[in-house]
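Q: One structure coming up, written as structure tokens, with questions to follow.
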Amino acid sequence: MKVGQQEDLQSSRPRVLIADGEPSQAKQAQQALRDAGYACQVFREADELLAAIAAERAPIIVADPATLALGASEFLSRVRARSPEAVLIFLVATPAAPGAAAAMHQGAFDYLTKPVNGEELSAVVGRAVEMGGLRRENRLLHEQLAAARMAAAFIAESPRSRELATLIRRAAPARSPVLIQGPSGAGKELVAHMLHHWSNRARGPFVRLAFKSLAARDTGDLFTGAGAREGAFALISSFAQRAWDGTLFLDEIGEASPEFQAALFRFIGEGASGASPDTKRNHAARVRIVAATNRNLAAEIAAGRFRPDLYFELNVIALSLPPLRERREDIVPLARHFLAMHAAETGRLFTLTPEAERALLAYSWPGNVRELEKVVERAVVMGAADRISAEALGLAQPQLPTALEPEAKTAAESETAETVAAAPRVATPATEKAVEKPSDTAGVAGLAPEPAPGAQTAPAGAPSAEQFTEGTLQECLDRAAAIRIAAAVQAAGGNRGAAASALGIDRTTLYRLMRRLGL
């Protein structure tokens, strides 16, 4: 084979990563694969290979874990964590080598015994490349069908929805990042799918990275301590690798921790797409970033909870999704769409009565489109008649809680009030302002306000009424949260894990709240 022909063949095939602690065996495998037209890279240490995987798109890996001081199962799990689409071929001393059979059960493609036969290795790698291609093609086909179904579900009857659809069509072909802002359940992920579906990346993958789920679960040592930023950067890079030639959807970006915000800013700034160390322009051409949030990021920046530089990187194209109550022309068409979709699953034909449609229009939909779909689904599943009435929808306007009169308080509420009153006062900027407010007798020696006749004196340390009636709603909520958290930590004897359990949250969320509230 001529040199030029060999280079063309290598450029059309994926690179093979060889990891073997025995130099002679690694060199033999490398030579055999090069003769077959594959580009190869050899690694002597497991850490070097794992670091390089993030720079590869669905790599083919030939490795002998035994020479890398790792068991086959552990090696496989570490590779899968960094590249779910990697195809692994193990080299073993004997077919009965410890862990080889277990690794095959866990998803390794094949294994070969040493010394390696060059022709056999080339044949196995060839089959692995073919299988990997079929697997990716099948996944992309499913993603394209899902994206097409979601795009077809976009109802644009109201003027605001038609305007939004026009903006989506205009923004879809561009490479620039998009920031979608709107309330929960309004359809932000649907808009992200439409941007992907109507772009020239529609044949590529749509990969979702949900920051809310990362914040809700205990991520352990990977995202805490000195290695937090590197761990966050590695995770973002691995998701970008999966989104190569497609769209990376950063869902609920407002929930991202400071470590993830820093890693994402570095990722965008360096153009490190997870599959090429090339320039930022090449990165932007290969991975489209679409972010979404239900938070007001401008307010989050003012509060110090979101990086302004990251906001400017993401907010190149801004799309605002209004709540469902502000686009009422969409409500009945959406309901009919969901009705047809869920009715198809039951094999029955359903219709909405005029009274049911009027009830849908009269409802405020605090849960937006997501709530509408669930209401229709419940009516289909539970309905005995084919005509769905207003009663079958089960709609009732949610009532905001009102202040209870003293005589209406239950014993449980009184107990809760006593618990809060007994909690230590926690100083926050807002509470300090409330506490420092002078009384009418301030500065008069020996005088203090006398309680009204028959009035009960509040326990020492109890929060004053001003703490929950002054300032913004967020400041009042922060004061209440600070008091409850401090009480839980004190009751747990300083054990934050036990305090988090008592509060019904995970430790990561507790730490974040304590940092934000200055506890």
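Just so we're on the same page: first chain in the structure tokens is A, next is B, and so on; residues restart at 1 for each chain, and ligands are numbered from 1 in the order they show up.
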Name all residues at most 9 Å from stretch 360-374 of chain A (count only C-alpha atoms; drop same-chain ones fewer than 2 positions away) and give them as a ChimeraX atom specification.
A: /A:183-187,323-325,328-329,331-332,334-335,338-339,355-358,376-379,390,393,395-398
Q: Counting only C-alpha atoms, what is within 10 Å of stretch 309-315 of chain A, bar same-chain residues fewer than 4 positions away, as a PyMOL selection string?
A: chain A and resi 176-180+253-254+261-266+268-269+289-292+297-298+301+319
Q: Can I get the selected residues back with C-alpha atoms, as an mmCIF file, in the first residue's frame?
A:
data_model
loop_
_atom_site.group_PDB
_atom_site.id
_atom_site.type_symbol
_atom_site.label_atom_id
_atom_site.label_comp_id
_atom_site.auth_asym_id
_atom_site.auth_seq_id
_atom_site.Cartn_x
_atom_site.Cartn_y
_atom_site.Cartn_z
ATOM 1 C CA SER A 176 -24.277 30.785 18.208
ATOM 2 C CA PRO A 177 -25.311 29.676 21.711
ATOM 3 C CA VAL A 178 -28.965 30.100 22.648
ATOM 4 C CA LEU A 179 -30.393 30.901 26.088
ATOM 5 C CA ILE A 180 -34.060 29.956 26.640
ATOM 6 C CA ILE A 253 -28.361 26.140 33.872
ATOM 7 C CA GLY A 254 -29.416 28.398 36.755
ATOM 8 C CA GLN A 261 -20.198 27.393 36.066
ATOM 9 C CA ALA A 262 -16.429 27.833 36.110
ATOM 10 C CA ALA A 263 -15.901 24.602 34.155
ATOM 11 C CA LEU A 264 -18.519 25.558 31.561
ATOM 12 C CA PHE A 265 -17.001 29.017 31.089
ATOM 13 C CA ARG A 266 -13.594 27.425 30.620
ATOM 14 C CA ILE A 268 -16.652 27.553 26.028
ATOM 15 C CA GLY A 269 -13.690 29.895 26.292
ATOM 16 C CA ILE A 289 -24.839 24.913 22.922
ATOM 17 C CA VAL A 290 -28.441 25.577 23.977
ATOM 18 C CA ALA A 291 -29.107 26.474 27.618
ATOM 19 C CA ALA A 292 -32.413 26.836 29.467
ATOM 20 C CA LEU A 297 -30.349 35.107 35.577
ATOM 21 C CA ALA A 298 -29.964 38.884 35.786
ATOM 22 C CA ILE A 301 -26.021 37.682 38.862
ATOM 23 C CA LEU A 319 -35.518 33.303 23.566
#
Q: Mind pulling up the distance from atom CA of A:Arg288 to atom CA of A:Ala174?
A: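 We find that atom CA of A:Ala174 and atom CA of A:Arg288 lie 8.7 Å from each other.
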Q: Distance atom CA of A:Leu68-atom CA of A:Ala19, one decimal place?
A: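 For atom CA of A:Leu68 relative to atom CA of A:Ala19, the distance reads 7.8 Å.
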Q: Which parts of stretch 156-314 of chain A does DSSP call helix (DSSP H, G or I) when run on the backbone here, written out as a PyMOL selection string?
A: chain A and resi 159-171+188-197+211-216+220-223+225-242+253-255+258-270+280-286+297-302+308-314
Q: Give me every strand (DSSP E) residue in stretch 310-394 of chain A, going by DSSP on the backbone, as a list in words.
A: Ile317, Ala318, Leu319, Ser320, Thr351, Leu352, Arg387 and Ile388 of chain A
Q: Just checking: using only C-alpha atoms, which residue out of A:Gly37, A:Leu510, A:Ile317, A:Pro59 ends up closest to A:Ile168?
A: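 Answer, going by the shortest atom-to-atom distance: A:Ile317.
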Q: Could you check how far atom CA of A:Lys27 sits from atom CA of A:Pro115, in Å to one decimal?
A: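 It comes out at 11.6 Å.
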Q: Stretch 344-354 of chain A: which residues within 8 Å, counting only C-alpha atoms, same-chain residues fewer than 5 positions away excluded, as a compact mmCIF listing (two decimals) with N, CA and C atoms, in the first residue's frame?
A:
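File produced: out33.txt:
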# COMPACT_ATOMS: atom_id res chain seq x y z
N ARG A 336 -56.26 19.33 22.73
CA ARG A 336 -56.69 18.37 21.71
C ARG A 336 -55.52 17.50 21.23
N LEU A 339 -54.86 15.04 23.92
CA LEU A 339 -55.98 14.10 23.96
C LEU A 339 -55.80 13.02 22.89
N VAL A 380 -58.16 10.96 30.34
CA VAL A 380 -58.23 9.83 29.41
C VAL A 380 -58.17 8.51 30.16
N ASP A 386 -66.60 8.66 26.41
CA ASP A 386 -65.73 9.12 25.34
C ASP A 386 -65.74 10.64 25.20
N ARG A 387 -66.74 11.30 25.75
CA ARG A 387 -66.79 12.75 25.76
C ARG A 387 -66.35 13.23 27.14
N ILE A 388 -65.22 13.95 27.15
CA ILE A 388 -64.65 14.39 28.42
C ILE A 388 -65.32 15.70 28.84
N SER A 389 -65.93 15.68 30.01
CA SER A 389 -66.65 16.83 30.53
C SER A 389 -65.72 17.70 31.37
N ALA A 390 -66.25 18.85 31.76
CA ALA A 390 -65.48 19.74 32.63
C ALA A 390 -65.20 19.07 33.97
